[in-house]
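Quick look at work02.pdb (PDB, C-alpha atoms, pLDDT in the B column):
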ATOM      1  CA  MET A   1       0.000   0.000   0.000  1.00 39.00           C
ATOM      2  CA  ARG A   2       2.829   2.401   0.858  1.00 42.00           C
ATOM      3  CA  VAL A   3       4.606   1.695  -2.410  1.00 41.00           C
ATOM      4  CA  LEU A   4       1.357   2.347  -4.284  1.00 41.00           C
ATOM      5  CA  MET A   5       0.851   5.686  -2.489  1.00 44.00           C
ATOM      6  CA  LEU A   6       4.467   6.668  -3.178  1.00 45.00           C
ATOM      7  CA  THR A   7       4.028   5.818  -6.843  1.00 48.00           C
ATOM      8  CA  ILE A   8       0.776   7.789  -7.093  1.00 52.00           C
ATOM      9  CA  LEU A   9       2.264  10.827  -5.308  1.00 51.00           C
ATOM     10  CA  THR A  10       5.382  10.736  -7.466  1.00 53.00           C
ATOM     11  CA  LEU A  11       3.328  10.493 -10.660  1.00 48.00           C
ATOM     12  CA  MET A  12       0.915  13.243  -9.595  1.00 53.00           C
ATOM     13  CA  LEU A  13       3.660  15.654  -8.662  1.00 52.00           C
ATOM     14  CA  GLY A  14       5.763  14.619 -11.666  1.00 54.00           C
ATOM     15  CA  PHE A  15       2.955  15.512 -14.049  1.00 51.00           C
ATOM     16  CA  THR A  16       2.644  18.929 -12.445  1.00 49.00           C
ATOM     17  CA  GLY A  17       6.360  19.636 -12.819  1.00 52.00           C
ATOM     18  CA  VAL A  18       7.107  19.324  -9.107  1.00 50.00           C
ATOM     19  CA  THR A  19      10.056  17.227  -8.042  1.00 46.00           C
ATOM     20  CA  THR A  20       9.815  15.092  -4.936  1.00 46.00           C
ATOM     21  CA  THR A  21      12.472  14.001  -2.504  1.00 47.00           C
ATOM     22  CA  VAL A  22      10.659  10.974  -1.063  1.00 47.00           C
ATOM     23  CA  SER A  23      13.000   8.021  -0.986  1.00 45.00           C
ATOM     24  CA  ALA A  24      11.576   4.965  -2.731  1.00 47.00           C
ATOM     25  CA  THR A  25      13.984   2.679  -0.924  1.00 49.00           C
ATOM     26  CA  SER A  26      12.899   3.727   2.553  1.00 58.00           C
ATOM     27  CA  GLY A  27       9.352   2.573   1.832  1.00 67.00           C
ATOM     28  CA  SER A  28       7.906   5.307   4.016  1.00 88.00           C
ATOM     29  CA  ILE A  29       5.372   7.745   2.690  1.00 88.00           C
ATOM     30  CA  PRO A  30       4.906  10.952   4.648  1.00 91.00           C
ATOM     31  CA  ASP A  31       1.641  11.181   6.588  1.00 90.00           C
ATOM     32  CA  TYR A  32       0.825  14.375   4.742  1.00 94.00           C
ATOM     33  CA  ALA A  33       1.152  12.890   1.210  1.00 95.00           C
ATOM     34  CA  LYS A  34      -2.583  12.285   0.782  1.00 95.00           C
ATOM     35  CA  TRP A  35      -3.356  15.858   1.785  1.00 97.00           C
ATOM     36  CA  GLY A  36      -0.531  17.232  -0.387  1.00 97.00           C
ATOM     37  CA  ILE A  37      -2.078  15.640  -3.468  1.00 96.00           C
ATOM     38  CA  ILE A  38      -5.398  17.269  -2.598  1.00 97.00           C
ATOM     39  CA  ALA A  39      -3.689  20.654  -2.047  1.00 98.00           C
ATOM     40  CA  VAL A  40      -1.985  20.443  -5.461  1.00 97.00           C
ATOM     41  CA  LYS A  41      -5.123  19.349  -7.353  1.00 97.00           C
ATOM     42  CA  GLU A  42      -7.387  21.907  -5.695  1.00 98.00           C
ATOM     43  CA  THR A  43      -4.895  24.731  -6.295  1.00 98.00           C
ATOM     44  CA  GLN A  44      -4.580  23.802  -9.974  1.00 97.00           C
ATOM     45  CA  THR A  45      -8.366  23.753 -10.295  1.00 96.00           C
ATOM     46  CA  LYS A  46      -8.999  26.998  -8.417  1.00 97.00           C
ATOM     47  CA  TYR A  47      -6.266  29.117 -10.030  1.00 96.00           C
ATOM     48  CA  ASN A  48      -5.679  27.288 -13.373  1.00 96.00           C
ATOM     49  CA  VAL A  49      -1.913  27.306 -12.784  1.00 97.00           C
ATOM     50  CA  ASP A  50       1.193  25.182 -13.147  1.00 97.00           C
ATOM     51  CA  ILE A  51       2.798  24.088  -9.881  1.00 96.00           C
ATOM     52  CA  LEU A  52       6.475  25.100  -9.747  1.00 96.00           C
ATOM     53  CA  ASP A  53       7.330  24.133  -6.178  1.00 96.00           C
ATOM     54  CA  TYR A  54       5.697  22.478  -3.182  1.00 94.00           C
ATOM     55  CA  LYS A  55       6.493  22.700   0.522  1.00 97.00           C
ATOM     56  CA  HIS A  56       4.848  20.986   3.465  1.00 97.00           C
ATOM     57  CA  ILE A  57       4.734  23.520   6.294  1.00 97.00           C
ATOM     58  CA  GLY A  58       3.349  21.258   8.979  1.00 97.00           C
ATOM     59  CA  ARG A  59       0.416  19.690  10.757  1.00 97.00           C
ATOM     60  CA  SER A  60      -1.534  21.163  13.636  1.00 97.00           C
ATOM     61  CA  SER A  61      -4.288  19.702  15.750  1.00 96.00           C
ATOM     62  CA  LEU A  62      -7.268  22.064  15.925  1.00 95.00           C
ATOM     63  CA  THR A  63      -9.604  19.866  17.978  1.00 95.00           C
ATOM     64  CA  ALA A  64      -9.887  16.189  18.832  1.00 94.00           C
ATOM     65  CA  ASN A  65     -11.745  15.685  15.541  1.00 96.00           C
ATOM     66  CA  GLN A  66      -9.989  18.189  13.298  1.00 97.00           C
ATOM     67  CA  SER A  67      -6.393  18.532  12.144  1.00 98.00           C
ATOM     68  CA  ARG A  68      -4.809  20.843   9.562  1.00 98.00           C
ATOM     69  CA  GLU A  69      -2.027  20.200   7.082  1.00 98.00           C
ATOM     70  CA  GLN A  70      -0.457  23.382   5.721  1.00 98.00           C
ATOM     71  CA  PHE A  71       1.314  23.698   2.389  1.00 98.00           C
ATOM     72  CA  LYS A  72       2.977  26.429   0.377  1.00 97.00           C
ATOM     73  CA  LEU A  73       2.820  26.077  -3.399  1.00 97.00           C
ATOM     74  CA  TRP A  74       4.727  28.323  -5.794  1.00 97.00           C
ATOM     75  CA  VAL A  75       2.732  28.564  -9.001  1.00 97.00           C
ATOM     76  CA  ARG A  76       2.804  30.122 -12.468  1.00 96.00           C
ATOM     77  CA  ALA A  77      -0.348  31.461 -14.088  1.00 96.00           C
ATOM     78  CA  LYS A  78      -1.003  31.096 -17.816  1.00 94.00           C
ATOM     79  CA  ASP A  79       0.061  34.758 -18.285  1.00 95.00           C
ATOM     80  CA  GLY A  80       3.473  33.912 -16.768  1.00 94.00           C
ATOM     81  CA  LYS A  81       2.917  35.640 -13.424  1.00 94.00           C
ATOM     82  CA  GLN A  82       4.293  33.682 -10.456  1.00 96.00           C
ATOM     83  CA  PHE A  83       2.901  33.758  -6.943  1.00 97.00           C
ATOM     84  CA  ALA A  84       2.566  31.672  -3.793  1.00 97.00           C
ATOM     85  CA  VAL A  85      -0.569  29.940  -2.606  1.00 98.00           C
ATOM     86  CA  TYR A  86      -0.818  28.839   1.005  1.00 98.00           C
ATOM     87  CA  VAL A  87      -3.208  25.915   1.352  1.00 98.00           C
ATOM     88  CA  ASN A  88      -4.837  24.689   4.552  1.00 98.00           C
ATOM     89  CA  VAL A  89      -6.336  21.204   4.316  1.00 98.00           C
ATOM     90  CA  ASP A  90      -8.582  20.432   7.296  1.00 98.00           C
ATOM     91  CA  PHE A  91      -9.589  16.842   7.980  1.00 98.00           C
ATOM     92  CA  ASN A  92     -10.762  14.449  10.669  1.00 97.00           C
ATOM     93  CA  PRO A  93      -7.652  12.560  11.861  1.00 96.00           C
ATOM     94  CA  ASN A  94      -9.751   9.662  13.150  1.00 96.00           C
ATOM     95  CA  THR A  95     -11.721   8.998   9.971  1.00 96.00           C
ATOM     96  CA  GLN A  96      -9.317  10.648   7.460  1.00 96.00           C
ATOM     97  CA  GLN A  97     -12.334  12.496   6.030  1.00 97.00           C
ATOM     98  CA  LEU A  98     -11.651  15.791   4.258  1.00 97.00           C
ATOM     99  CA  LYS A  99     -13.431  18.765   5.813  1.00 98.00           C
ATOM    100  CA  THR A 100     -12.267  21.934   4.032  1.00 97.00           C
ATOM    101  CA  VAL A 101      -9.571  23.316   1.754  1.00 98.00           C
ATOM    102  CA  GLU A 102      -8.704  27.014   2.160  1.00 98.00           C
ATOM    103  CA  PHE A 103      -6.419  29.144  -0.001  1.00 97.00           C
ATOM    104  CA  THR A 104      -4.454  32.327   0.598  1.00 97.00           C
ATOM    105  CA  LYS A 105      -2.744  33.917  -2.390  1.00 95.00           C
ATOM    106  CA  SER A 106       0.483  35.862  -1.835  1.00 92.00           C
ATOM    107  CA  ASP A 107       2.955  37.662  -4.098  1.00 80.00           C
ATOM    108  CA  ARG A 108       5.718  37.042  -1.549  1.00 69.00           C
ATOM    109  CA  HIS A 109       8.182  34.182  -1.766  1.00 59.00           C
TER     110      HIS A 109
END
In C-alpha cells, what does this structure look like?
Amino acid sequence: MRVLMLTILTLMLGFTGVTTTVSATSGSIPDYAKWGIIAVKETQTKYNVDILDYKHIGRSSLTANQSREQFKLWVRAKDGKQFAVYVNVDFNPNTQQLKTVEFTKSDRH
C-alpha cells in the first residue's frame, strides 16, 4: 500500500512539474502525502496554474476531531505571473475524512 501511495504521489507531482524528494527505498510515505495531493489538485483547479514548487509547512491539531495540514505552493499562471498559494487542508484525523480546503494567495516568496 505504501509503495502504491508513493508511486501515485510521485506520478501526480511529476505531471505537475514538481520534483519530490521521497525516498523509494525507505518505503515510508509521509503522513501528509494524501493531503498534499489534494492541495496540489485543488490549487490547480482553483487558479488554473502550473505548480512550480511544493512545501509541506506542517500539521496542527485544531480539535480532537480536526487537524490541519499546511502547504505552500509556488505557481505560475497562464500569463506567466508567479505567486505563492498557502493551502490549509482540514480533515478528521480519526476517519481521514476531508473537511475543508482554504487558499491564501500571496505575491511574496
Quick one: axis-aligned box around all listed atoms of region 73-92 of chain A, 5 Å on every side, centre and edge lengths in Å to one decimal, written as JSON.
{"center_x": -3.0, "center_y": 25.0, "center_z": -3.8, "size_x": 25.5, "size_y": 31.2, "size_z": 39.0}
Resolved residues for the PyMOL selection byres ((chain A and resi 61-63) around 12) as a list of chain:residue names: A:Gly58, A:Arg59, A:Ser60, A:Ala64, A:Asn65, A:Gln66, A:Ser67, A:Arg68, A:Glu69, A:Gln70, A:Asn88, A:Val89, A:Asp90, A:Phe91, A:Asn92, A:Pro93, A:Asn94
Atomic distance CA of Val101 (chain A) - CA of Tyr86 (chain A), expressed in Å with one decimal: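 Computing it gives 10.4 Å between the two atoms.
Nearest to Asp107 (chain A) of all the residues A:Ile29, A:Ile51, A:Val75, A:Ala84 is A:Ala84, based on only C-alpha atoms.
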Residues matched by the PyMOL selection byres ((chain A and resi 104) around 10) as number ranges by chain: A: 72, 84-88, 102-103, 105-106
Point-to-point distance in Å for CA of Val40 (chain A) and CA of Tyr54 (chain A):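 CA of Val40 (chain A) lies 8.3 Å from CA of Tyr54 (chain A).
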Hits from the PyMOL selection byres ((chain A and resi 49) around 9), listed as a list of chain:residue names: A:Thr43, A:Gln44, A:Thr45, A:Lys46, A:Tyr47, A:Asn48, A:Asp50, A:Ile51, A:Val75, A:Arg76, A:Ala77, A:Lys78
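Reported to one decimal place, the separation of CA of His56 (chain A) from CA of Tyr32 (chain A) is 7.8 Å.
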